[in-house]
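Printed here is input.txt (compact mmCIF, C-alpha atoms):
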# COMPACT_ATOMS: atom_id res chain seq x y z
CA MET A 822 0.00 0.00 0.00
CA ALA A 823 2.86 2.37 0.74
CA ASP A 824 4.25 1.83 -2.77
CA LEU A 825 0.85 2.54 -4.30
CA ALA A 826 0.42 5.71 -2.23
CA ALA A 827 3.88 6.91 -3.27
CA HIS A 828 3.08 6.17 -6.92
CA LEU A 829 -0.17 8.15 -6.73
CA ILE A 830 1.59 11.13 -5.17
CA ASP A 831 4.66 11.03 -7.42
CA GLU A 832 3.19 9.99 -10.76
CA VAL A 833 -0.61 10.24 -10.90
CA LEU A 834 -2.22 12.98 -8.85
CA PRO A 835 -1.34 16.61 -9.57
CA GLU A 836 -0.12 18.84 -6.75
CA VAL A 837 -3.55 20.20 -5.88
CA PRO A 838 -5.88 19.71 -2.92
CA VAL A 839 -7.42 16.24 -2.76
CA ARG A 840 -10.45 15.13 -0.71
CA GLN A 841 -11.32 11.56 0.22
CA TRP A 842 -14.95 10.54 -0.23
CA VAL A 843 -16.17 7.22 1.16
CA CYS A 844 -19.35 5.40 0.17
CA SER A 845 -20.55 2.64 2.46
CA LEU A 846 -23.80 0.85 1.75
CA PRO A 847 -26.39 -1.11 3.76
CA TRP A 848 -25.15 -4.63 4.46
CA ARG A 849 -27.76 -6.27 2.25
CA LEU A 850 -26.45 -4.28 -0.74
CA ARG A 851 -22.78 -4.97 -0.05
CA TYR A 852 -23.27 -8.68 -0.63
CA ALA A 853 -24.95 -8.08 -3.97
CA LEU A 854 -22.03 -5.90 -5.10
CA ALA A 855 -19.52 -8.53 -4.03
CA TYR A 856 -20.93 -11.12 -6.42
CA ASP A 857 -21.98 -8.95 -9.37
CA LYS A 858 -19.16 -6.92 -10.91
CA ARG A 859 -21.45 -5.07 -13.35
CA LEU A 860 -23.71 -4.02 -10.49
CA CYS A 861 -20.67 -2.94 -8.48
CA THR A 862 -19.40 -0.86 -11.41
CA ASP A 863 -22.78 0.81 -11.90
CA VAL A 864 -23.10 1.63 -8.19
CA LEU A 865 -19.59 3.10 -8.20
CA ASN A 866 -20.50 5.19 -11.26
CA ALA A 867 -23.57 6.45 -9.41
CA PHE A 868 -21.42 7.53 -6.46
CA VAL A 869 -18.71 9.19 -8.57
CA GLY A 870 -21.38 10.82 -10.75
CA SER A 871 -22.88 12.45 -7.67
CA ILE A 872 -19.49 13.81 -6.60
CA ARG A 873 -18.88 15.11 -10.15
CA ARG A 874 -22.29 16.79 -10.17
CA SER A 875 -21.57 18.51 -6.86
CA LEU A 876 -18.14 19.75 -7.93
CA ARG A 877 -19.40 21.04 -11.27
CA HIS A 878 -22.35 22.89 -9.77
CA ARG A 879 -20.18 24.39 -7.04
CA ALA A 880 -17.61 25.42 -9.66
CA LYS A 881 -20.26 27.05 -11.83
CA ARG A 882 -21.45 29.09 -8.86
CA GLU A 883 -18.00 29.92 -7.45
CA LEU A 884 -16.23 30.61 -10.75
CA GLY A 885 -19.11 32.10 -12.70
CA LEU A 886 -18.96 29.49 -15.46
CA ARG A 887 -21.58 29.52 -18.19
CA SER A 888 -22.10 25.78 -18.02
CA VAL A 889 -21.21 22.91 -15.73
CA GLU A 890 -19.81 21.22 -18.85
CA ASN A 891 -16.86 23.64 -18.70
CA ALA A 892 -15.69 22.16 -15.37
CA GLN A 893 -13.69 18.93 -15.51
CA PHE A 894 -12.87 16.88 -12.43
CA GLY A 895 -10.51 14.05 -11.64
CA GLY A 896 -9.95 11.34 -9.10
CA VAL A 897 -9.21 7.72 -8.43
CA THR A 898 -11.31 5.17 -6.55
CA PHE A 899 -10.33 2.08 -4.63
CA ILE A 900 -12.92 -0.63 -4.13
CA GLN A 901 -12.40 -2.26 -0.77
CA ARG A 902 -13.95 -5.69 -0.50
CA VAL A 903 -13.39 -6.42 3.19
CA ASP A 904 -13.32 -4.55 6.49
CA SER A 905 -10.71 -4.68 9.26
CA SER A 906 -12.26 -7.95 10.54
CA LEU A 907 -11.94 -9.45 7.05
CA ARG A 908 -15.72 -9.60 6.67
CA LEU A 909 -17.12 -9.17 3.18
CA ASN A 910 -17.78 -5.42 3.05
CA VAL A 911 -17.71 -3.81 -0.38
CA HIS A 912 -17.30 -0.04 -0.12
CA PHE A 913 -15.57 2.72 -2.07
CA HIS A 914 -12.76 5.15 -1.20
CA SER A 915 -12.42 7.93 -3.78
CA LEU A 916 -9.59 10.43 -3.85
CA VAL A 917 -11.03 13.38 -5.76
CA LEU A 918 -9.32 16.60 -6.71
CA ASP A 919 -10.85 19.31 -4.53
CA GLY A 920 -11.61 21.60 -7.43
CA VAL A 921 -12.01 21.53 -11.20
CA TYR A 922 -10.06 22.11 -14.38
CA VAL A 923 -11.37 24.78 -16.73
CA ARG A 924 -10.08 25.36 -20.27
CA GLU A 925 -8.75 28.90 -20.62
CA LYS A 926 -9.23 30.97 -23.79
CA THR A 927 -5.65 30.02 -24.71
CA GLY A 928 -6.73 26.36 -24.74
CA GLU A 929 -4.75 25.51 -21.61
CA LEU A 930 -6.43 23.65 -18.75
CA ARG A 931 -6.14 25.47 -15.42
CA PHE A 932 -7.00 24.02 -12.02
CA HIS A 933 -9.29 26.01 -9.73
CA ALA A 934 -9.43 24.86 -6.11
CA LEU A 935 -12.88 25.05 -4.54
CA PRO A 936 -13.80 25.61 -0.91
CA GLY A 937 -14.58 22.41 0.95
CA PRO A 938 -18.18 21.26 0.72
CA THR A 939 -20.59 22.38 3.41
CA PRO A 940 -22.41 19.76 5.48
CA GLU A 941 -25.48 20.48 3.36
CA GLN A 942 -23.53 19.83 0.15
CA VAL A 943 -22.18 16.54 1.55
CA ALA A 944 -25.76 15.55 2.46
CA GLU A 945 -26.80 16.47 -1.08
CA VAL A 946 -24.14 14.15 -2.54
CA ALA A 947 -25.42 11.37 -0.26
CA ARG A 948 -29.02 11.98 -1.35
CA TRP A 949 -28.10 12.05 -5.05
CA THR A 950 -26.04 8.88 -4.59
CA GLN A 951 -28.93 7.10 -2.88
CA GLU A 952 -31.37 8.12 -5.62
CA ARG A 953 -28.98 6.93 -8.32
CA ILE A 954 -28.26 3.64 -6.54
CA VAL A 955 -31.97 2.89 -6.23
CA ARG A 956 -32.29 3.37 -10.02
CA VAL A 957 -29.20 1.19 -10.64
CA PHE A 958 -30.64 -1.68 -8.61
CA GLU A 959 -33.99 -1.34 -10.43
CA ARG A 960 -32.21 -1.46 -13.81
CA HIS A 961 -30.49 -4.65 -12.65
CA GLY A 962 -33.84 -6.17 -11.70
CA ARG A 963 -33.28 -5.77 -7.96
CA PRO A 964 -35.74 -3.12 -6.71
CA LEU A 965 -35.08 -1.79 -3.22
CA GLU A 966 -38.44 -1.28 -1.53
CA GLY A 967 -38.09 0.59 1.75
CA LEU A 968 -34.53 1.82 1.20
CA ASP A 969 -35.50 5.48 1.44
CA GLU A 970 -37.46 4.91 4.68
CA ALA A 971 -34.51 3.37 6.55
CA PRO A 972 -31.17 4.24 4.94
CA ASP A 973 -28.50 2.51 7.00
CA GLY A 974 -25.66 3.18 4.54
CA ARG A 975 -23.52 6.30 4.51
CA CYS A 976 -21.83 8.47 1.96
CA GLN A 977 -19.42 10.87 3.54
CA GLN A 978 -16.34 12.89 2.82
CA LYS A 979 -13.23 13.08 4.98

Produce C-alpha cells that represent the structure in this file.
Amino acid sequence: MADLAAHLIDEVLPEVPVRQWVCSLPWRLRYALAYDKRLCTDVLNAFVGSIRRSLRHRAKRELGLRSVENAQFGGVTFIQRVDSSLRLNVHFHSLVLDGVYVREKTGELRFHALPGPTPEQVAEVARWTQERIVRVFERHGRPLEGLDEAPDGRCQQK
C-alpha cells in the first residue's frame, strides 16, 4: 500500500488539494455488489457521478462558469472488499481533486481549487447517490423497496 500511495503522489495525482470521499452501503447491498461486478461498477459510477455533479455545480457558482460542462474533475477510486475484521464489506474510497479544471481561452487547462463542501452539500451528494443507486438496482432487476425509509448506509467525505 505504501508503494501505491507513493506512486499516486509522485506519478498520478497533480499537486492540488485532494479530498477523500467514502461510500458505504447497507449490508444487504454490499453482498450483492460482491458477487456482481457489473452491479458494483454501476453503483460506483452512481457515487462518482454524484461527486462530479456537486463539484461542477459548485464550480459554476464559485467561478461564474456559463455551463457545468466547462468544469472537468478528476480522481481515483479504490474498491475495498473487506473490512478490518476481514468480513465481506464492499465499499468505495475515492480520492477526488478538490476543485475543477477549466479550459482557458488560450486552450490551456487550469486548475481552480474550490472551498470544501458544506455539510449540506455533503448531504446532497449522499441523497443524489442514494437516488442513483436505487435506479441502478432497479435497472439490474433488484428493486429496493423501503430503502429510502430506513437508509443505514452512509456516503461521507473526509

Atom CA of Thr939 of chain A to atom CA of Ile900 of chain A: how many Å, to one decimal?
25.4 Å

Have a look at atom CA of Arg887 of chain A and atom CA of Gln942 of chain A and let me know their distance in Å, one decimal.
20.8 Å

Find the residue from A:Leu876, A:Leu865, A:Val911, A:Leu916 that sits nearest to Ala826 of chain A; use only C-alpha atoms when measuring.
A:Leu916

Env of Gln893 of chain A: 9 Å cut, atoms = only C-alpha atoms, seq-sep filter 2 positions within chain, self excluded. Answer as a list in words.
Arg873, Leu876, Arg877, Val889, Glu890, Asn891, Gly895, Gly920, Val921, Tyr922, Val923 and Arg924 of chain A

Measure the distance from atom CA of Ile872 of chain A to atom CA of Val946 of chain A in Å and round it to one decimal.
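These atoms are spaced 6.2 Å apart.
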
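Residues lying within 10 Å of Leu965 of chain A, counting only C-alpha atoms and ignoring same-chain neighbours fewer than 3 positions away, are A:Leu850, A:Ile954, A:Val955, A:Arg956, A:Val957, A:Phe958, A:Glu959, A:Gly962, A:Leu968, A:Asp969.
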
Select, from A:Phe899, A:Trp848, A:Glu945, A:Asn866, the residue with the minimum atom-to-atom distance to Leu825 of chain A, counting all atoms listed in the file.
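Closest to Leu825 of chain A of all the choices is A:Phe899.
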
Using all atoms listed in the file, which residue out of A:Ile830, A:Ala934, A:His914, A:Leu860 lies closest to Ala892 of chain A?
A:Ala934

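The closest residue to Gly870 of chain A, picked from A:Ser915, A:Arg849, A:Glu836, A:Arg960 and counting only C-alpha atoms, is A:Ser915.
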
Find, counting all atoms listed in the file, the residue in A:Trp949, A:Phe913, A:Tyr852, A:Phe894 that gets nearest to Val839 of chain A.
A:Phe894

Determine the nearest neighbour of Arg879 of chain A from the options A:Asp919, A:Asp857, A:Glu925, A:Glu952, counting all atoms listed in the file.
A:Asp919

Where atoms are absent from segment 907-941 of chain A, fill them in so it carries N, CA and C atoms, then output it as a short mmCIF file (atom, residue, chain, number, x, y, z; two decimals), keeping the file's coordinate frame.
data_model
loop_
_atom_site.label_atom_id
_atom_site.label_comp_id
_atom_site.auth_asym_id
_atom_site.auth_seq_id
_atom_site.Cartn_x
_atom_site.Cartn_y
_atom_site.Cartn_z
N LEU A 907 -11.95 -8.59 8.23
CA LEU A 907 -11.94 -9.45 7.05
C LEU A 907 -13.32 -9.99 6.69
N ARG A 908 -14.36 -9.26 7.11
CA ARG A 908 -15.72 -9.60 6.67
C ARG A 908 -15.94 -9.02 5.28
N LEU A 909 -16.76 -9.69 4.49
CA LEU A 909 -17.12 -9.17 3.18
C LEU A 909 -17.82 -7.83 3.38
N ASN A 910 -17.27 -6.77 2.80
CA ASN A 910 -17.78 -5.42 3.05
C ASN A 910 -17.36 -4.52 1.91
N VAL A 911 -18.05 -4.62 0.78
CA VAL A 911 -17.71 -3.81 -0.38
C VAL A 911 -18.07 -2.36 -0.10
N HIS A 912 -17.08 -1.48 -0.24
CA HIS A 912 -17.30 -0.04 -0.12
C HIS A 912 -16.23 0.67 -0.94
N PHE A 913 -16.42 1.96 -1.15
CA PHE A 913 -15.57 2.72 -2.07
C PHE A 913 -14.84 3.85 -1.34
N HIS A 914 -13.56 4.01 -1.66
CA HIS A 914 -12.76 5.15 -1.20
C HIS A 914 -12.33 5.90 -2.46
N SER A 915 -12.77 7.12 -2.61
CA SER A 915 -12.42 7.93 -3.78
C SER A 915 -11.57 9.11 -3.36
N LEU A 916 -10.43 9.25 -4.02
CA LEU A 916 -9.59 10.43 -3.85
C LEU A 916 -9.91 11.35 -5.03
N VAL A 917 -10.53 12.49 -4.71
CA VAL A 917 -11.03 13.38 -5.76
C VAL A 917 -10.35 14.73 -5.62
N LEU A 918 -9.90 15.27 -6.73
CA LEU A 918 -9.32 16.60 -6.71
C LEU A 918 -10.35 17.57 -6.14
N ASP A 919 -9.92 18.41 -5.23
CA ASP A 919 -10.85 19.31 -4.53
C ASP A 919 -10.99 20.62 -5.30
N GLY A 920 -11.42 20.47 -6.53
CA GLY A 920 -11.61 21.60 -7.43
C GLY A 920 -11.83 21.05 -8.83
N VAL A 921 -11.75 21.93 -9.82
CA VAL A 921 -12.01 21.53 -11.20
C VAL A 921 -10.98 22.16 -12.14
N TYR A 922 -10.85 21.54 -13.29
CA TYR A 922 -10.06 22.11 -14.38
C TYR A 922 -11.01 22.83 -15.33
N VAL A 923 -10.60 24.00 -15.76
CA VAL A 923 -11.37 24.78 -16.73
C VAL A 923 -10.42 25.16 -17.87
N ARG A 924 -10.90 25.00 -19.11
CA ARG A 924 -10.08 25.36 -20.27
C ARG A 924 -10.10 26.88 -20.44
N GLU A 925 -8.90 27.45 -20.43
CA GLU A 925 -8.75 28.90 -20.62
C GLU A 925 -8.94 29.25 -22.10
N LYS A 926 -9.07 30.52 -22.39
CA LYS A 926 -9.23 30.97 -23.79
C LYS A 926 -8.02 30.59 -24.64
N THR A 927 -6.87 30.42 -24.00
CA THR A 927 -5.65 30.02 -24.71
C THR A 927 -5.67 28.54 -25.05
N GLY A 928 -6.65 27.80 -24.52
CA GLY A 928 -6.73 26.36 -24.74
C GLY A 928 -6.11 25.55 -23.63
N GLU A 929 -5.40 26.21 -22.72
CA GLU A 929 -4.75 25.51 -21.61
C GLU A 929 -5.74 25.20 -20.50
N LEU A 930 -5.61 24.01 -19.90
CA LEU A 930 -6.43 23.65 -18.75
C LEU A 930 -5.80 24.24 -17.50
N ARG A 931 -6.63 24.87 -16.67
CA ARG A 931 -6.14 25.47 -15.42
C ARG A 931 -6.98 24.95 -14.26
N PHE A 932 -6.30 24.54 -13.19
CA PHE A 932 -7.00 24.02 -12.02
C PHE A 932 -7.47 25.17 -11.15
N HIS A 933 -8.70 25.05 -10.66
CA HIS A 933 -9.29 26.01 -9.73
C HIS A 933 -9.73 25.24 -8.49
N ALA A 934 -9.03 25.49 -7.37
CA ALA A 934 -9.43 24.86 -6.11
C ALA A 934 -10.77 25.44 -5.67
N LEU A 935 -11.58 24.61 -5.05
CA LEU A 935 -12.88 25.05 -4.54
C LEU A 935 -12.87 24.95 -3.02
N PRO A 936 -13.67 25.78 -2.36
CA PRO A 936 -13.80 25.61 -0.91
C PRO A 936 -14.37 24.23 -0.61
N GLY A 937 -14.05 23.71 0.56
CA GLY A 937 -14.58 22.41 0.95
C GLY A 937 -16.10 22.44 0.95
N PRO A 938 -16.71 21.29 0.74
CA PRO A 938 -18.18 21.26 0.72
C PRO A 938 -18.74 21.52 2.12
N THR A 939 -19.88 22.16 2.14
CA THR A 939 -20.59 22.38 3.41
C THR A 939 -21.25 21.07 3.82
N PRO A 940 -21.66 20.96 5.08
CA PRO A 940 -22.41 19.76 5.48
C PRO A 940 -23.65 19.54 4.63
N GLU A 941 -24.29 20.61 4.22
CA GLU A 941 -25.48 20.48 3.36
C GLU A 941 -25.10 19.92 1.99
#
